[in-house]
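To be precise, the following lines are run_4.cif, and they hold mmCIF, C-alpha atoms.
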data_work
loop_
_atom_site.label_atom_id
_atom_site.label_comp_id
_atom_site.auth_asym_id
_atom_site.auth_seq_id
_atom_site.Cartn_x
_atom_site.Cartn_y
_atom_site.Cartn_z
CA GLY A 1 16.47 13.94 -14.16
CA GLU A 2 14.85 11.47 -16.54
CA GLY A 3 16.74 8.19 -16.86
CA ASP A 4 18.59 8.54 -13.56
CA THR A 5 18.73 5.37 -11.51
CA VAL A 6 16.69 5.62 -8.33
CA ARG A 7 18.31 4.17 -5.22
CA LEU A 8 15.75 1.97 -3.48
CA GLU A 9 15.18 2.47 0.22
CA ARG A 10 14.99 -0.52 2.58
CA ASN A 11 13.69 1.22 5.68
CA LEU A 12 9.93 1.72 6.08
CA ASN A 13 10.27 4.83 8.25
CA LYS A 14 12.57 6.47 5.71
CA CYS A 15 10.02 5.71 2.98
CA ILE A 16 7.25 7.35 5.00
CA GLU A 17 9.46 10.41 5.58
CA GLY A 18 10.46 10.48 1.91
CA LEU A 19 6.82 10.56 0.78
CA ARG A 20 6.41 13.74 2.81
CA ASP A 21 9.42 15.44 1.17
CA LYS A 22 8.16 18.24 -1.08
CA GLU A 23 11.65 19.50 -1.96
CA ASN A 24 13.82 16.51 -2.87
CA ARG A 25 12.67 14.66 -6.00
CA SER A 26 15.13 11.76 -5.69
CA ARG A 27 14.19 11.13 -2.04
CA PHE A 28 10.46 11.25 -2.87
CA GLU A 29 10.81 8.96 -5.89
CA SER A 30 13.02 6.53 -3.98
CA ALA A 31 10.40 6.31 -1.23
CA LEU A 32 7.54 5.83 -3.70
CA ARG A 33 9.33 3.10 -5.69
CA SER A 34 10.68 1.37 -2.56
CA LEU A 35 7.39 1.09 -0.71
CA PRO A 36 5.69 -1.79 -2.63
CA PRO A 37 8.64 -4.21 -2.19
CA ILE A 38 8.89 -3.29 1.49
CA LEU A 39 5.16 -3.85 1.96
CA VAL A 40 5.27 -7.36 0.46
CA SER A 41 8.36 -8.33 2.48
CA GLY A 42 6.35 -9.78 5.36
CA ASP A 43 7.86 -7.38 7.91
CA PRO A 44 5.52 -7.52 10.93
CA SER A 45 6.10 -3.82 11.72
CA ILE A 46 4.06 -2.89 8.64
CA CYS A 47 0.81 -3.65 10.49
CA HIS A 48 1.82 -1.27 13.26
CA HIS A 49 2.67 1.51 10.81
CA CYS A 50 -0.26 1.15 8.41
CA GLU A 51 -1.92 4.41 9.52
CA LEU A 52 1.31 6.35 8.88
CA ILE A 53 1.78 4.62 5.52
CA ILE A 54 -1.76 5.43 4.41
CA ALA A 55 -1.54 9.02 5.63
CA ALA A 56 1.69 9.55 3.69
CA LEU A 57 0.21 7.99 0.53
CA ILE A 58 -3.11 9.86 0.69
CA HIS A 59 -1.39 13.21 1.24
CA CYS A 60 1.50 12.84 -1.22
CA ARG A 61 1.18 14.67 -4.53
CA ASP A 62 2.88 14.11 -7.87
CA ASP A 63 4.64 17.47 -7.76
CA PHE A 64 7.68 15.95 -9.47
CA CYS A 65 5.79 14.25 -12.37
CA ILE A 66 7.05 10.79 -11.39
CA GLU A 67 6.44 8.07 -13.97
CA ASP A 68 3.92 5.54 -12.58
CA PHE A 69 3.10 7.77 -9.59
CA ALA A 70 -0.60 6.79 -9.43
CA TYR A 71 0.13 3.10 -9.97
CA LEU A 72 2.80 3.01 -7.23
CA ARG A 73 0.61 4.96 -4.78
CA ASP A 74 -2.48 2.85 -5.47
CA ILE A 75 -0.76 -0.54 -5.30
CA SER A 76 0.92 0.50 -2.05
CA ILE A 77 -2.44 1.43 -0.52
CA ALA A 78 -3.99 -1.88 -1.64
CA ILE A 79 -1.11 -3.94 -0.22
CA THR A 80 -1.27 -1.95 3.04
CA VAL A 81 -4.97 -2.84 3.28
CA ALA A 82 -4.21 -6.53 2.67
CA VAL A 83 -1.43 -6.58 5.26
CA GLY A 84 -2.94 -4.21 7.83
CA ALA A 85 -6.56 -5.34 7.34
CA ARG A 86 -8.80 -3.86 10.05
CA ARG A 87 -6.42 -1.04 11.03
CA ALA A 88 -5.86 -0.02 7.43
CA ILE A 89 -9.54 -0.24 6.52
CA ARG A 90 -10.53 1.86 9.55
CA CYS A 91 -7.88 4.41 8.62
CA LEU A 92 -9.01 4.65 4.98
CA SER A 93 -12.65 4.83 6.04
CA SER A 94 -11.93 7.75 8.35
CA TYR A 95 -10.11 9.53 5.52
CA PHE A 96 -13.04 8.95 3.21
CA ILE A 97 -15.50 10.70 5.54
CA ALA A 98 -13.06 13.42 6.65
CA GLU A 99 -14.04 16.98 5.85
CA GLY A 100 -11.76 18.79 3.46
CA LEU A 101 -10.69 15.73 1.50
CA GLY A 102 -11.11 16.36 -2.23
CA ILE A 103 -13.04 14.11 -4.58
CA GLY A 104 -9.82 12.88 -6.23
CA ASP A 105 -8.45 11.77 -2.86
CA ARG A 106 -11.77 10.10 -1.99
CA ILE A 107 -11.53 8.12 -5.24
CA VAL A 108 -7.98 7.07 -4.28
CA VAL A 109 -9.33 5.90 -0.91
CA LEU A 110 -12.18 3.94 -2.52
CA ASN A 111 -9.86 2.30 -5.05
CA GLY A 112 -7.53 1.33 -2.21
CA LEU A 113 -10.41 -0.24 -0.29
CA ILE A 114 -11.63 -2.13 -3.36
CA GLU A 115 -8.22 -3.45 -4.40
CA GLY A 116 -7.28 -4.24 -0.81
CA ALA A 117 -10.56 -6.12 -0.30
CA ARG A 118 -9.90 -8.05 -3.52
CA LEU A 119 -6.52 -9.10 -2.19
CA LEU A 120 -7.97 -10.07 1.18
CA ALA A 121 -10.74 -12.11 -0.45
CA GLU A 122 -8.22 -14.02 -2.60
CA TYR A 123 -5.97 -14.90 0.34
CA SER A 124 -5.45 -18.46 1.47
CA PRO A 125 -2.98 -19.80 4.06
CA GLY A 126 0.60 -20.37 2.92
CA LYS A 127 0.60 -17.63 0.28
CA ARG A 128 2.26 -14.24 0.18
CA ILE A 129 1.68 -11.11 -1.87
CA VAL A 130 3.75 -10.56 -4.98
CA ILE A 131 3.60 -7.72 -7.49
CA ASP A 132 2.95 -8.95 -11.01
CA GLN A 133 4.70 -6.48 -13.32
CA THR A 134 2.82 -7.77 -16.38
CA SER A 135 -0.69 -7.22 -15.04
CA ARG A 136 0.53 -4.35 -12.82
CA SER A 137 -1.35 -5.73 -9.85
CA ALA A 138 -0.69 -7.36 -6.53
CA GLN A 139 -1.69 -10.97 -6.08
CA TRP A 140 -0.99 -14.03 -3.98
CA ASN A 141 1.43 -16.77 -4.97
CA ASP A 142 2.41 -20.10 -3.46
CA THR A 143 5.81 -19.01 -2.19
CA LYS A 144 6.23 -20.71 1.16
CA THR A 145 7.37 -18.35 3.87
CA GLU A 146 7.57 -18.47 7.63
CA ASN A 147 6.24 -14.93 7.96
CA VAL A 148 3.03 -14.87 5.96
CA PRO A 149 1.77 -11.41 6.93
CA VAL A 150 -1.95 -12.25 6.93
CA ASN A 151 -3.70 -14.69 9.24
CA GLU A 152 -6.86 -16.77 8.84
CA ASN A 153 -9.08 -14.18 10.58
CA THR A 154 -7.84 -11.51 8.17
CA TRP A 155 -8.81 -13.72 5.24
CA LYS A 156 -12.36 -14.15 6.60
CA PHE A 157 -12.52 -10.41 7.24
CA GLY A 158 -11.46 -9.76 3.63
CA ASN A 159 -14.26 -11.96 2.27
CA GLU A 160 -16.74 -10.09 4.45
CA ILE A 161 -15.51 -6.69 3.23
CA GLN A 162 -15.45 -7.84 -0.41
CA SER A 163 -19.07 -8.98 -0.15
CA ARG A 164 -20.10 -5.49 1.04
CA LEU A 165 -18.39 -3.60 -1.79
#
Output the structure of this file as structure tokens.
Amino acid sequence: GEGDTVRLERNLNKCIEGLRDKENRSRFESALRSLPPILVSGDPSICHHCELIIAALIHCRDDFCIEDFAYLRDISIAITVAVGARRAIRCLSSYFIAEGLGIGDRIVVLNGLIEGARLLAEYSPGKRIVIDQTSRSAQWNDTKTENVPVNENTWKFGNEIQSRL
């Protein structure tokens, strides 16, 4: 119930599965809260799973009335766009034009594209994504890391996408 501590998940596949769980509130909430830190970790497998991540996020519903549900979903989509770039943008674009997707879900897709493009446009080499709890947004910082998840071509691609929005 309210006030219970949520155990954070460390495995991306378990998060994706947890977002699809319509029965188990703690599993769903754990997956939702665990996803942003996993996405900013620099794990290279994220790029290969971005379609599954986006599908799980677009189709998950706040059936359990999770605090910060929309924020956690939206920031996860934006970070997935920044990390997965072309694959993630193609995936979101196909969802946007898909028949049967409601207007609320289309707005979620557009917001994800806009915030993801903002992140891509602000990228420069040697930076990694962090989640700023004060502004409740994702942004780049100067933390040096060997596994910066975005390359120079992605940065140029982000500027191009941002200019079209």
Open item on the list: To test your reading of the syntax: which residues would the PyMOL selection byres ((chain A and resi 13-18) around 7) return for the file shown? Reply as a PyMOL selection string.
Closed with: chain A and resi 9+11-12+19-21+27-28+31+35+53+56
TODO: Measuring atom to atom with all atoms listed in the file, identify which of A:Ser93, A:Gly42, A:Leu32, A:Ala78 is nearest to Ile114 in chain A.
DONE: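 Checking each candidate against Ile114 in chain A, we get A:Ala78 as the closest.
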Task: Nearest residue to Glu23 in chain A from the set A:Arg61, A:His49, A:Arg128, A:Arg106 (distances using all atoms listed in the file) - done: A:Arg61
Task: Nearest residue to Pro44 in chain A from the set A:Leu101, A:Leu113, A:Val83, A:Ala121 (distances using all atoms listed in the file) - done: A:Val83
- [ ] Quick one: pull the distance between CA of Ser45 in chain A and CA of Cys60 in chain A, Å, one decimal.
- [x]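 If I compute the distance from CA of Ser45 in chain A to CA of Cys60 in chain A, I get 21.6 Å.
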Open item on the list: I need the residue nearest Asp62 in chain A from this list: A:Ile103, A:Ile89, A:Arg25, A:Ile38. Use only C-alpha atoms for the distance.
Closed with: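 Counting only C-alpha atoms, the residue closest to Asp62 in chain A is A:Arg25.
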TODO: For Pro36 in chain A, list every protein, DNA or RNA residue within 8 Å, evaluated using all atoms listed in the file, and leave out those in the same chain fewer than 5 positions away; present the list as a ChimeraX atom specification.
DONE: /A:72,75-76,79,131
TODO: Have a look at CA of Ala55 in chain A and CA of Ala82 in chain A and let me know their distance in Å, one decimal.
DONE: 16.1 Å
Open item on the list: I'd like to know which of A:Arg118, A:His48, A:Lys22, A:Lys127 is closest to Ala88 in chain A, using all atoms listed in the file.
Closed with: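 The answer is A:His48, which sits nearest to Ala88 in chain A.
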TODO: To verify the selection step, state as a PyMOL selection string which residues the PyMOL selection byres ((chain A and resi 90) around 12) yields on this input.
DONE: chain A and resi 50-51+54+80-81+84-89+91-97+109+113+161
Just to be explicit: take each residue in the selection above, keep C-alpha atoms, and write the result as a PDB file, in the coordinates of the input.
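Below is the file that was written, again_21.pdb:
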ATOM      1  CA  CYS A  50      -0.260   1.150   8.410  1.00  0.00           C
ATOM      2  CA  GLU A  51      -1.920   4.410   9.520  1.00  0.00           C
ATOM      3  CA  ILE A  54      -1.760   5.430   4.410  1.00  0.00           C
ATOM      4  CA  THR A  80      -1.270  -1.950   3.040  1.00  0.00           C
ATOM      5  CA  VAL A  81      -4.970  -2.840   3.280  1.00  0.00           C
ATOM      6  CA  GLY A  84      -2.940  -4.210   7.830  1.00  0.00           C
ATOM      7  CA  ALA A  85      -6.560  -5.340   7.340  1.00  0.00           C
ATOM      8  CA  ARG A  86      -8.800  -3.860  10.050  1.00  0.00           C
ATOM      9  CA  ARG A  87      -6.420  -1.040  11.030  1.00  0.00           C
ATOM     10  CA  ALA A  88      -5.860  -0.020   7.430  1.00  0.00           C
ATOM     11  CA  ILE A  89      -9.540  -0.240   6.520  1.00  0.00           C
ATOM     12  CA  CYS A  91      -7.880   4.410   8.620  1.00  0.00           C
ATOM     13  CA  LEU A  92      -9.010   4.650   4.980  1.00  0.00           C
ATOM     14  CA  SER A  93     -12.650   4.830   6.040  1.00  0.00           C
ATOM     15  CA  SER A  94     -11.930   7.750   8.350  1.00  0.00           C
ATOM     16  CA  TYR A  95     -10.110   9.530   5.520  1.00  0.00           C
ATOM     17  CA  PHE A  96     -13.040   8.950   3.210  1.00  0.00           C
ATOM     18  CA  ILE A  97     -15.500  10.700   5.540  1.00  0.00           C
ATOM     19  CA  VAL A 109      -9.330   5.900  -0.910  1.00  0.00           C
ATOM     20  CA  LEU A 113     -10.410  -0.240  -0.290  1.00  0.00           C
ATOM     21  CA  ILE A 161     -15.510  -6.690   3.230  1.00  0.00           C
TER      22      ILE A 161
END
TODO: Could you expand the PyMOL selection byres ((chain A and resi 140) around 7) into the explicit residues it covers here, written as a PyMOL selection string?
DONE: chain A and resi 123+127-130+139+141-142
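Distance-wise, CA of Ala138 in chain A and CA of Arg33 in chain A end up 14.5 Å apart.
Residue nearest Phe69 in chain A within the list A:Ser135, A:Ser124, A:Ser30, A:Asn24: A:Ser30 [criterion: smallest interatomic distance, all atoms listed in the file].
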Is it possible to add N, CA, C and O atoms to range 16-30 of chain A and hand it back as a compact mmCIF listing (two decimals), in the frame of the given file?
# COMPACT_ATOMS: atom_id res chain seq x y z
N ILE A 16 8.34 6.49 4.55
CA ILE A 16 7.25 7.35 5.00
C ILE A 16 7.71 8.81 5.02
O ILE A 16 7.01 9.70 4.53
N GLU A 17 8.91 9.05 5.56
CA GLU A 17 9.46 10.41 5.58
C GLU A 17 9.69 10.93 4.16
O GLU A 17 9.41 12.09 3.87
N GLY A 18 10.19 10.08 3.29
CA GLY A 18 10.46 10.48 1.91
C GLY A 18 9.20 10.87 1.15
O GLY A 18 9.23 11.78 0.31
N LEU A 19 8.09 10.21 1.43
CA LEU A 19 6.82 10.56 0.78
C LEU A 19 6.32 11.93 1.20
O LEU A 19 5.51 12.54 0.50
N ARG A 20 6.81 12.41 2.32
CA ARG A 20 6.41 13.74 2.81
C ARG A 20 7.34 14.85 2.31
O ARG A 20 7.08 16.02 2.56
N ASP A 21 8.42 14.47 1.63
CA ASP A 21 9.42 15.44 1.17
C ASP A 21 8.93 16.17 -0.08
O ASP A 21 8.79 15.56 -1.14
N LYS A 22 8.67 17.44 0.05
CA LYS A 22 8.16 18.24 -1.08
C LYS A 22 9.28 18.93 -1.85
O LYS A 22 9.04 19.61 -2.84
N GLU A 23 10.53 18.79 -1.38
CA GLU A 23 11.65 19.50 -1.96
C GLU A 23 12.61 18.61 -2.76
O GLU A 23 13.19 19.05 -3.74
N ASN A 24 12.79 17.37 -2.32
CA ASN A 24 13.82 16.51 -2.87
C ASN A 24 13.20 15.42 -3.74
O ASN A 24 12.68 14.43 -3.24
N ARG A 25 13.28 15.60 -5.07
CA ARG A 25 12.67 14.66 -6.00
C ARG A 25 13.23 13.25 -5.84
O ARG A 25 12.48 12.28 -5.82
N SER A 26 14.55 13.11 -5.74
CA SER A 26 15.13 11.76 -5.69
C SER A 26 14.71 11.04 -4.41
O SER A 26 14.45 9.83 -4.44
N ARG A 27 14.63 11.75 -3.30
CA ARG A 27 14.19 11.13 -2.04
C ARG A 27 12.73 10.70 -2.14
O ARG A 27 12.37 9.60 -1.72
N PHE A 28 11.89 11.56 -2.71
CA PHE A 28 10.46 11.25 -2.87
C PHE A 28 10.28 10.04 -3.79
O PHE A 28 9.56 9.10 -3.47
N GLU A 29 10.96 10.06 -4.93
CA GLU A 29 10.81 8.96 -5.89
C GLU A 29 11.35 7.66 -5.31
O GLU A 29 10.76 6.58 -5.51
N SER A 30 12.47 7.72 -4.61
CA SER A 30 13.02 6.53 -3.98
C SER A 30 12.01 5.93 -3.00
O SER A 30 11.78 4.72 -2.99
